[in-house]
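S.K.: My questions all concern the structure below.
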Amino acid sequence: MELGLYLGCLIPTEQYAYELSIREVFPKLGVELKDIQGPTCCGAPLRNINMSLTMYLSARNLALAEKQDLDILAPCPYCHQALTRTMAVLDENQELREKVNSHLADEDMRYQGNVKLYHVLDLLHDVVGVEKIKEEVEKPLEGTNIAAHYGCHLIRPNGLERPDDSEDPQKMESLLRAIGMDSEDYVEKLDCCGAHVMVNEPESALTKTGQKLEAVQERGFHGMATMCPWGQRMFDSKQEDAAATVGASLELPVLYYTQLLGIAMGISPSDLGIELNLSPIHKIEHLEVEE
Amino acid sequence: MNRVGVFVCHCGSNIADVVDVEEVVAYAQGLDGVVVAKDYKYMCSDPGGKLIKDCIKEHGLDSVVVASCSPRMHEPTFRSVIDDEGMNPYCLEMANIREHCSWVHKGDEEKATKKAQELVNVAVEKALFLESLEQSEIDVVQEALVIGGGIAGIQAALDIADQGKKVYLVEREPSIGGKMAQLDKTFPTLDCSSCILTPKMMDVARHPNIELLTYSEVEEVDGAVGDFTVKVRKKSTYVDWNECTGCGLCAEACRMKDKVPDGFDMKLGDRSSIYTPFPQAVPLKYTIDPESCIYLKTGKCGEEPPCLEACEIGAIDHEQEDEIVEINVGSIIVATGYDLLDPDELYEYGYGRSEDIITNLEFERIVDSSGPTEGKITKLSDGEDIESISFILCVGSRDEEKQTYCCRIGCMGALKHAYLIKEHMGDEVDINLCYTDIRSFGKGYEEFYRRIRGTDITILRGRPSEIKVDPDHKLSFNIFDTLTDKLLEIESDMIILVPALVPSEGAEELARKLRISQGTDGFFLEEHPKLKPMDTVKSGVFIAGCCQGPKDIPDTVAQASGAASRAMGILNKSRLENDPMIAWVDTDLCVGCGVCVDVCPYSARELNEVTGIAEVDEILCAGCGACIAACPSNACIHKNLTKKQIIRMIDEVA
């Protein structure tokens, strides 16, 4: 299987560990990744300002993939949601599709609507498969209980096709179990990471971040796994700020699932960008060697 | 061609001030086929009628055109005038020169007069070809069927029976009583629900004019107003109800005693396989539930089923089979009620994820002193004491994802429950009530709301987010209170959901059997939302209670009495006359394609089995004209509104 990797903005500018670990694990699971040439913004941040511009930007990236005859892996849920929505809207609204295509024509491009879209979650769970992952595990990360954080864009809104159920997602847990970890449901699982109000209301944002981290820590989890660069940024990169905001002592390791998967597959942690994580990941038993 | 007389009315000054009546008369006199034209100040008065009658006699008229007001006003008047003179009443045509002309063209007399002339001209063109029509008559079966034995069905059945007509009351559960029987108290007066309902149920049981068919369902409906034939399936109860005394020894002996979830108690309590739904059941007879009865499931229950031994009179019959009863009625009242929306469909409210998240109807059973907990309110998950209870209103109601409409009883029901909790547990327990808008519209409702609002209770305006269920049974949710603009986190030991009301199960199937319509929300559709709220499109079939839309008990009872009164309007007649202005088939032209059968909304059309030619059921046909427009062979013809008439009418004004 060959997929075009569409990273969006946050991963290549800040969340390098996600990209590193994705580029490490997927080829070993039979998914070759090629770069989409000349990508732009997915359009999502403009959605509430100019819907048709959002559609144009999304469609441009989709059209680029079509030009290279590739389906897309979009590891950022925010991008994934924008692209999915654009595909759904342009399927229904032929008028808007023609308008978008008339702009794309400036670059000799055309959106056809026959590209398939994957996120890390459904690619691993539904395409690669839990069984295949179990086979590839060299050192199961046993004895560790990890909380799954999905993030809102990955599963919502209900009604748009998303990689997992909007109210009761379970695929990440089964992927965590596949690499030997424990992962139980917890009450705060669907709580907000705060990323979306970080610019305008940093205190509110960090309160949400801190409250969720505190709850996960109090419930006795050894760490948290994410599949979203926005959530990772809040829970990992901004954990200290969040702790100060809610007045708690937070020491919770937060990693990308692809990092944990890579470690379980026997890939060297430094190839998975492990030194880029800012949360105290050494607290997880299997990562002690890194200290 | 008919000899036509034209009679133009001044309507005092209503018409004559705007339309030059004399000009219209002069114009009419010049039209082909018109043998006489007259005007009069009030054509609907006795002298006006006499003028028409005299002219019919003197000029040997075949049909009459009256140019006056709307036919909705005086068509019956003029029909009876010409009928008196021996002319067929359907040989009348009216030209509406008041509502359609003088009233709307005041100030432009010249054009108004010209329009009145054209309207008369058109009416004359039609009158030239009017034919005598005869009304068909049917004998009315002066008995009624009421479907559904909740409070609506009970009220309707009693009203009709009290007026001396026989009523069949069909109920699918073993007892009548419906949802009201499950309620503890009723708002806003807090009467005990069963105390006011049980006497009515007993009235039904005792009434000589009511034949009760419980544990029965309507299977098939045929016929039309005045003469419906209905097949009712009497489901097997496995107990001979003629013998059963309701002593209950069988239920005591049953091997499944206290093992079968009790539907009446919302599955919060348990019963035996042989049961009555509740102690005041009417009829007080026992029924075996085939889903759980060991003998009915396996053909064997120990040495011998203990119920057989317990029943001294030998009323139990495990071999009993369903019975189909055919009844004949003149009118049908549908009162099939509602169900609660299953909150399981709304994951975020946590129903099914915790035993402490319940519906308001479940709480009715809990708070009822004859319910499964005998009125004691404790946590259902672990039996621990309760310190706080939260209500969430509008669960699936006023929600674009689910039901867009208001359930109309949720707010008041929750306020009532808040009161009952205080009564049972005092101020020790914290009550939070999360609402969208409090709708306390009924008589005495607003006063009740104020009374509860004044007690120690937290009322929050907003919709809670996801309910979180902790493994140790702790429940919590966030709510943004839109009155204080604050996000609050609330912890609760019990959460009572107030779900939307939806049509009761099987409503769609019943609508199909009765050929009545449903709205987009599934509730049965009334013929007119304001002026015919109990009628349906099917003549002779009426609706009452929540099957028409969510409503409280007072509105339900009022509508049930209304529906009974509408039904009595039919049952009081021995014969019904049919409007003869309906479709008929020119058998020379009909090719038997069957298009008319498909388009007829009243099932009045079918193909003759022998000739293959289409026929019209004169009783069922409502004269809507759908088949006439659809017929590709011009074989369907509307009596007294033929294509020839219509084309001539159009030609005159074109």
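Here, A, B, ... name the chains of the structure tokens in the order displayed, residue numbers run from 1 inside each chain, and ligands are numbered from 1 in the same displayed order.
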When you get a sec, could you note down which chain A residues fall within 9 Å of chain B, using only C-alpha atoms, as a list in words?
M.R.: Glu167, Asp168, Tyr186, Val187, Glu188 and Leu190 of chain A
S.K.: I'd like the neighbourhood of Gly262 in chain A as a PDB file with N, CA and C atoms, in the first residue's frame, where a residue qualifies if any of its atoms comes within 7 Å (using only C-alpha atoms), though same-chain residues fewer than 4 positions away should be ignored.
M.R.:
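result-v5.pdb written:
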ATOM      1  N   SER A  21       7.890   9.590  13.993  1.00  0.00           N
ATOM      2  CA  SER A  21       7.416   8.255  14.359  1.00  0.00           C
ATOM      3  C   SER A  21       6.526   7.665  13.268  1.00  0.00           C
ATOM      4  N   VAL A  25       7.242   3.998  11.578  1.00  0.00           N
ATOM      5  CA  VAL A  25       6.445   2.774  11.793  1.00  0.00           C
ATOM      6  C   VAL A  25       5.719   2.282  10.541  1.00  0.00           C
ATOM      7  N   THR A 258       2.016   6.601  17.910  1.00  0.00           N
ATOM      8  CA  THR A 258       2.984   6.064  16.945  1.00  0.00           C
ATOM      9  C   THR A 258       4.369   5.912  17.582  1.00  0.00           C
ATOM     10  N   GLY A 266      10.346  -2.297  18.431  1.00  0.00           N
ATOM     11  CA  GLY A 266      11.788  -2.430  18.553  1.00  0.00           C
ATOM     12  C   GLY A 266      12.568  -1.341  17.840  1.00  0.00           C
ATOM     13  N   ILE A 267      11.923  -0.270  17.452  1.00  0.00           N
ATOM     14  CA  ILE A 267      12.617   0.845  16.795  1.00  0.00           C
ATOM     15  C   ILE A 267      13.324   1.665  17.874  1.00  0.00           C
ATOM     16  N   LEU A 272      12.355   7.855  16.998  1.00  0.00           N
ATOM     17  CA  LEU A 272      10.930   8.174  17.130  1.00  0.00           C
ATOM     18  C   LEU A 272      10.738   9.562  17.730  1.00  0.00           C
TER      19      LEU A 272
END
S.K.: Within range 100-256 of chain A, find each residue whose DSSP state, derived from the backbone, is helix (DSSP H, G or I), and express the selection as a VMD selection string.
M.R.: chain A and resid 100 to 107 120 to 136 152 to 155 171 to 178 195 to 197 202 to 218 229 to 237 239 to 246
S.K.: List every residue of range 162-254 of chain A that has an atom at most 12 Å from any atom of range 81-96 of chain A, giving for each one its closest atom pair and the distance in Å to one decimal, counting only C-alpha atoms, sorted by chain and then by ascending residue number, as a tab-separated table.
M.R.:
residue	atom	partner	partner_atom	distance
A:Arg162	CA	A:Gln81	CA	7.7
A:Pro163	CA	A:Gln81	CA	9.8
A:Cys228	CA	A:Gln81	CA	11.9
S.K.: For Ser331 in chain B, which residue out of B:Gln142, B:Ser603, B:Thr455, B:Ser370 is the nearest one, using only C-alpha atoms?
M.R.: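 Nearest candidate to Ser331 in chain B out of B:Gln142, B:Ser603, B:Thr455, B:Ser370: B:Gln142.
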S.K.: At most 12 Å is the cut-off: for each residue in range 149-240 of chain B with any atom that close to an atom of range 605-624 of chain B, write down the nearest atom pair and the distance in Å rounded to one decimal, counting only C-alpha atoms, chain first then increasing number, as a tab-separated table.
M.R.:
residue	atom	partner	partner_atom	distance
B:Asp222	CA	B:Leu620	CA	11.0
B:Gly223	CA	B:Leu620	CA	8.2
B:Ala224	CA	B:Leu620	CA	6.3
B:Val225	CA	B:Ile619	CA	8.2
B:Gly226	CA	B:Ile619	CA	9.7
B:Asp227	CA	B:Ile619	CA	10.0
B:Phe228	CA	B:Leu620	CA	11.4
S.K.: Those same residues - N, CA and C atoms - I'd like them written as a short mmCIF file (atom, residue, chain, number, x, y, z; two decimals), in the first residue's frame.
M.R.:
data_model
loop_
_atom_site.label_atom_id
_atom_site.label_comp_id
_atom_site.auth_asym_id
_atom_site.auth_seq_id
_atom_site.Cartn_x
_atom_site.Cartn_y
_atom_site.Cartn_z
N ASP B 222 -61.79 -2.84 7.17
CA ASP B 222 -62.39 -2.78 5.85
C ASP B 222 -63.63 -1.90 5.91
N GLY B 223 -64.13 -1.47 4.75
CA GLY B 223 -65.38 -0.72 4.74
C GLY B 223 -65.16 0.76 4.90
N ALA B 224 -66.22 1.49 5.16
CA ALA B 224 -66.15 2.94 5.23
C ALA B 224 -67.08 3.45 6.31
N VAL B 225 -67.08 4.77 6.46
CA VAL B 225 -67.88 5.40 7.50
C VAL B 225 -69.30 4.83 7.51
N GLY B 226 -69.78 4.55 8.71
CA GLY B 226 -71.13 3.98 8.85
C GLY B 226 -71.13 2.48 8.87
N ASP B 227 -70.13 1.88 8.23
CA ASP B 227 -70.12 0.42 8.14
C ASP B 227 -68.69 -0.12 7.95
N PHE B 228 -67.94 -0.10 9.03
CA PHE B 228 -66.60 -0.68 9.00
C PHE B 228 -66.67 -2.13 9.46
#
S.K.: Residues within 9 Å of Leu124 in chain A, please, as an MDAnalysis selection string. Count only C-alpha atoms; anything in the same chain fewer than 5 positions from it doesn't count.
M.R.: chainID A and resid 26 29 119 129:130 133 175
S.K.: Keeping only C-alpha atoms, write those residues as an mmCIF file, in the first residue's frame.
M.R.:
data_model
loop_
_atom_site.group_PDB
_atom_site.id
_atom_site.type_symbol
_atom_site.label_atom_id
_atom_site.label_comp_id
_atom_site.auth_asym_id
_atom_site.auth_seq_id
_atom_site.Cartn_x
_atom_site.Cartn_y
_atom_site.Cartn_z
ATOM 1 C CA PHE A 26 4.289 2.710 8.677
ATOM 2 C CA LEU A 29 3.758 -2.239 8.587
ATOM 3 C CA HIS A 119 -6.014 9.020 9.612
ATOM 4 C CA GLY A 129 -5.283 -4.399 11.593
ATOM 5 C CA VAL A 130 -4.788 -5.212 15.236
ATOM 6 C CA ILE A 133 0.320 -5.061 14.747
ATOM 7 C CA LEU A 175 -4.477 -0.466 19.487
#
S.K.: Env of range 204-212 of chain B: 8 Å cut, atoms = only C-alpha atoms, seq-sep filter 5 positions within chain, self excluded. Answer as a PyMOL selection string.
M.R.: chain B and resi 154+157-158+161-162+164-170+282-283
S.K.: Go through B:Met180, B:Ala144, B:Ala127, B:Ile438 one by one, measure the shortest atom-to-atom distance of each to Met568 in chain B using only C-alpha atoms, and give the residue with the smallest value.
M.R.: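 Of all the options, B:Ala144 lies closest to Met568 in chain B.
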S.K.: With distances taken over only C-alpha atoms, which residue among A:Val120, A:Ala178, A:Ala17, A:Leu57 lies nearest Glu275 in chain A?
M.R.: A:Ala17
S.K.: I'd like the neighbourhood of range 402-412 of chain B as a ChimeraX atom specification, where a residue qualifies if any of its atoms comes within 10 Å (using only C-alpha atoms), though same-chain residues fewer than 5 positions away should be ignored.
M.R.: /B:186-188,340-341,345-346,360,391-397,417-418,433-442,445-446,448-449,497-502,521,549-553
S.K.: Residues of the last selection are to be written out with N, CA and C atoms, as a short mmCIF file (atom, residue, chain, number, x, y, z; two decimals), in the first residue's frame.
M.R.:
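Wrote it out as part_36.cif, contents follow:
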data_model
loop_
_atom_site.label_atom_id
_atom_site.label_comp_id
_atom_site.auth_asym_id
_atom_site.auth_seq_id
_atom_site.Cartn_x
_atom_site.Cartn_y
_atom_site.Cartn_z
N THR B 186 -50.64 13.18 39.83
CA THR B 186 -50.81 13.97 38.61
C THR B 186 -50.62 15.45 38.93
N PHE B 187 -49.95 16.18 38.00
CA PHE B 187 -49.77 17.61 38.23
C PHE B 187 -50.99 18.38 37.75
N PRO B 188 -51.25 19.59 38.22
CA PRO B 188 -50.57 20.30 39.31
C PRO B 188 -51.28 20.09 40.65
N LEU B 340 -42.18 6.67 25.39
CA LEU B 340 -41.05 7.57 25.61
C LEU B 340 -39.97 7.23 24.60
N LEU B 341 -39.31 8.25 24.11
CA LEU B 341 -38.13 8.01 23.27
C LEU B 341 -37.12 7.22 24.10
N GLU B 345 -30.74 5.90 22.67
CA GLU B 345 -30.34 6.47 21.39
C GLU B 345 -29.44 7.69 21.56
N LEU B 346 -29.41 8.23 22.80
CA LEU B 346 -28.62 9.43 23.05
C LEU B 346 -27.52 9.06 24.04
N ASN B 360 -38.17 9.50 33.60
CA ASN B 360 -39.21 10.01 34.50
C ASN B 360 -40.29 8.96 34.78
N PHE B 391 -32.43 16.52 37.48
CA PHE B 391 -33.35 16.29 36.37
C PHE B 391 -32.75 16.88 35.10
N ILE B 392 -32.85 16.15 34.01
CA ILE B 392 -32.47 16.72 32.72
C ILE B 392 -33.70 16.71 31.83
N LEU B 393 -34.17 17.90 31.48
CA LEU B 393 -35.37 18.01 30.67
C LEU B 393 -35.01 18.05 29.18
N CYS B 394 -36.02 17.88 28.35
CA CYS B 394 -35.84 17.96 26.89
C CYS B 394 -34.79 16.96 26.39
N VAL B 395 -34.80 15.74 26.89
CA VAL B 395 -33.89 14.71 26.38
C VAL B 395 -34.46 14.20 25.05
N GLY B 396 -33.87 14.68 23.97
CA GLY B 396 -34.38 14.30 22.65
C GLY B 396 -35.55 15.15 22.18
N SER B 397 -36.07 16.03 23.06
CA SER B 397 -37.12 16.95 22.64
C SER B 397 -36.49 18.27 22.23
N HIS B 417 -42.21 15.84 40.27
CA HIS B 417 -41.27 14.91 40.90
C HIS B 417 -40.42 15.61 41.95
N ALA B 418 -40.01 16.85 41.65
CA ALA B 418 -39.23 17.60 42.63
C ALA B 418 -40.03 17.75 43.92
N LEU B 433 -32.43 21.00 38.66
CA LEU B 433 -33.34 20.79 37.54
C LEU B 433 -32.82 21.61 36.35
N CYS B 434 -32.40 20.90 35.30
CA CYS B 434 -31.82 21.57 34.14
C CYS B 434 -32.85 21.65 33.03
N TYR B 435 -33.23 22.84 32.66
CA TYR B 435 -34.32 23.00 31.70
C TYR B 435 -33.91 23.83 30.51
N THR B 436 -34.75 23.82 29.48
CA THR B 436 -34.51 24.66 28.30
C THR B 436 -35.38 25.91 28.43
N ASP B 437 -36.67 25.71 28.58
CA ASP B 437 -37.61 26.76 28.99
C ASP B 437 -38.63 26.04 29.85
N ILE B 438 -39.08 26.63 30.92
CA ILE B 438 -40.15 25.98 31.67
C ILE B 438 -41.47 26.33 30.99
N ARG B 439 -42.19 25.33 30.56
CA ARG B 439 -43.46 25.58 29.87
C ARG B 439 -44.61 25.15 30.77
N SER B 440 -45.11 26.10 31.50
CA SER B 440 -46.17 25.79 32.47
C SER B 440 -47.42 26.52 32.03
N PHE B 441 -48.01 26.00 30.93
CA PHE B 441 -49.05 26.75 30.22
C PHE B 441 -50.47 26.44 30.68
N GLY B 442 -50.67 25.33 31.37
CA GLY B 442 -52.03 24.91 31.67
C GLY B 442 -52.62 25.62 32.88
N TYR B 445 -50.86 25.63 36.31
CA TYR B 445 -49.49 25.14 36.13
C TYR B 445 -48.46 26.18 36.58
N GLU B 446 -48.68 27.42 36.14
CA GLU B 446 -47.71 28.48 36.48
C GLU B 446 -47.63 28.65 37.99
N PHE B 448 -48.13 26.36 40.20
CA PHE B 448 -47.40 25.22 40.74
C PHE B 448 -45.89 25.43 40.55
N TYR B 449 -45.52 25.94 39.37
CA TYR B 449 -44.11 26.20 39.08
C TYR B 449 -43.54 27.19 40.08
N LEU B 497 -33.96 11.44 33.61
CA LEU B 497 -34.08 11.99 32.26
C LEU B 497 -35.55 12.17 31.91
N VAL B 498 -35.85 13.25 31.22
CA VAL B 498 -37.22 13.49 30.78
C VAL B 498 -37.22 13.40 29.24
N PRO B 499 -37.46 12.20 28.71
CA PRO B 499 -37.31 12.01 27.26
C PRO B 499 -38.49 12.53 26.46
N ALA B 500 -38.24 12.67 25.16
CA ALA B 500 -39.28 13.10 24.23
C ALA B 500 -40.39 12.06 24.17
N LEU B 501 -41.57 12.51 23.75
CA LEU B 501 -42.69 11.59 23.52
C LEU B 501 -42.72 11.23 22.04
N VAL B 502 -42.88 9.96 21.77
CA VAL B 502 -42.98 9.52 20.37
C VAL B 502 -44.25 8.69 20.23
N ASP B 521 -43.56 13.62 12.18
CA ASP B 521 -43.13 13.14 13.48
C ASP B 521 -43.76 11.79 13.83
N GLY B 549 -50.62 13.79 19.13
CA GLY B 549 -49.51 14.68 19.47
C GLY B 549 -49.40 14.72 20.97
N PRO B 550 -48.22 15.05 21.53
CA PRO B 550 -48.06 15.06 22.98
C PRO B 550 -49.07 15.99 23.65
N LYS B 551 -49.66 15.51 24.74
CA LYS B 551 -50.52 16.39 25.52
C LYS B 551 -50.67 15.86 26.94
N ASP B 552 -51.15 16.72 27.82
CA ASP B 552 -51.31 16.32 29.21
C ASP B 552 -52.68 15.65 29.40
N ILE B 553 -52.96 15.24 30.64
CA ILE B 553 -54.21 14.48 30.88
C ILE B 553 -55.46 15.33 30.62
#
S.K.: Might you pull out every residue within 8 Å of Gly231 in chain A, with only C-alpha atoms counted and same-chain residues fewer than 6 positions away left off, and present them as an MDAnalysis selection string?
M.R.: chainID A and resid 149 151 193:195
S.K.: Can you write out the residues you just picked, keeping N, CA and C atoms, as a PDB file, in the first residue's frame?
M.R.:
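So the final result, stored in again-v3.pdb, reads:
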ATOM      1  N   HIS A 149      -6.284   9.604  24.552  1.00  0.00           N
ATOM      2  CA  HIS A 149      -6.926  10.896  24.259  1.00  0.00           C
ATOM      3  C   HIS A 149      -7.157  10.966  22.756  1.00  0.00           C
ATOM      4  N   GLY A 151      -9.224  13.448  21.088  1.00  0.00           N
ATOM      5  CA  GLY A 151      -9.359  14.788  20.535  1.00  0.00           C
ATOM      6  C   GLY A 151     -10.643  14.892  19.748  1.00  0.00           C
ATOM      7  N   CYS A 193      -9.055  19.321  25.221  1.00  0.00           N
ATOM      8  CA  CYS A 193      -7.645  19.542  25.565  1.00  0.00           C
ATOM      9  C   CYS A 193      -7.370  21.022  25.773  1.00  0.00           C
ATOM     10  N   GLY A 194      -8.254  21.875  25.269  1.00  0.00           N
ATOM     11  CA  GLY A 194      -8.085  23.318  25.448  1.00  0.00           C
ATOM     12  C   GLY A 194      -7.439  24.019  24.275  1.00  0.00           C
ATOM     13  N   ALA A 195      -6.871  23.270  23.334  1.00  0.00           N
ATOM     14  CA  ALA A 195      -6.077  23.867  22.261  1.00  0.00           C
ATOM     15  C   ALA A 195      -6.816  24.963  21.509  1.00  0.00           C
TER      16      ALA A 195
END
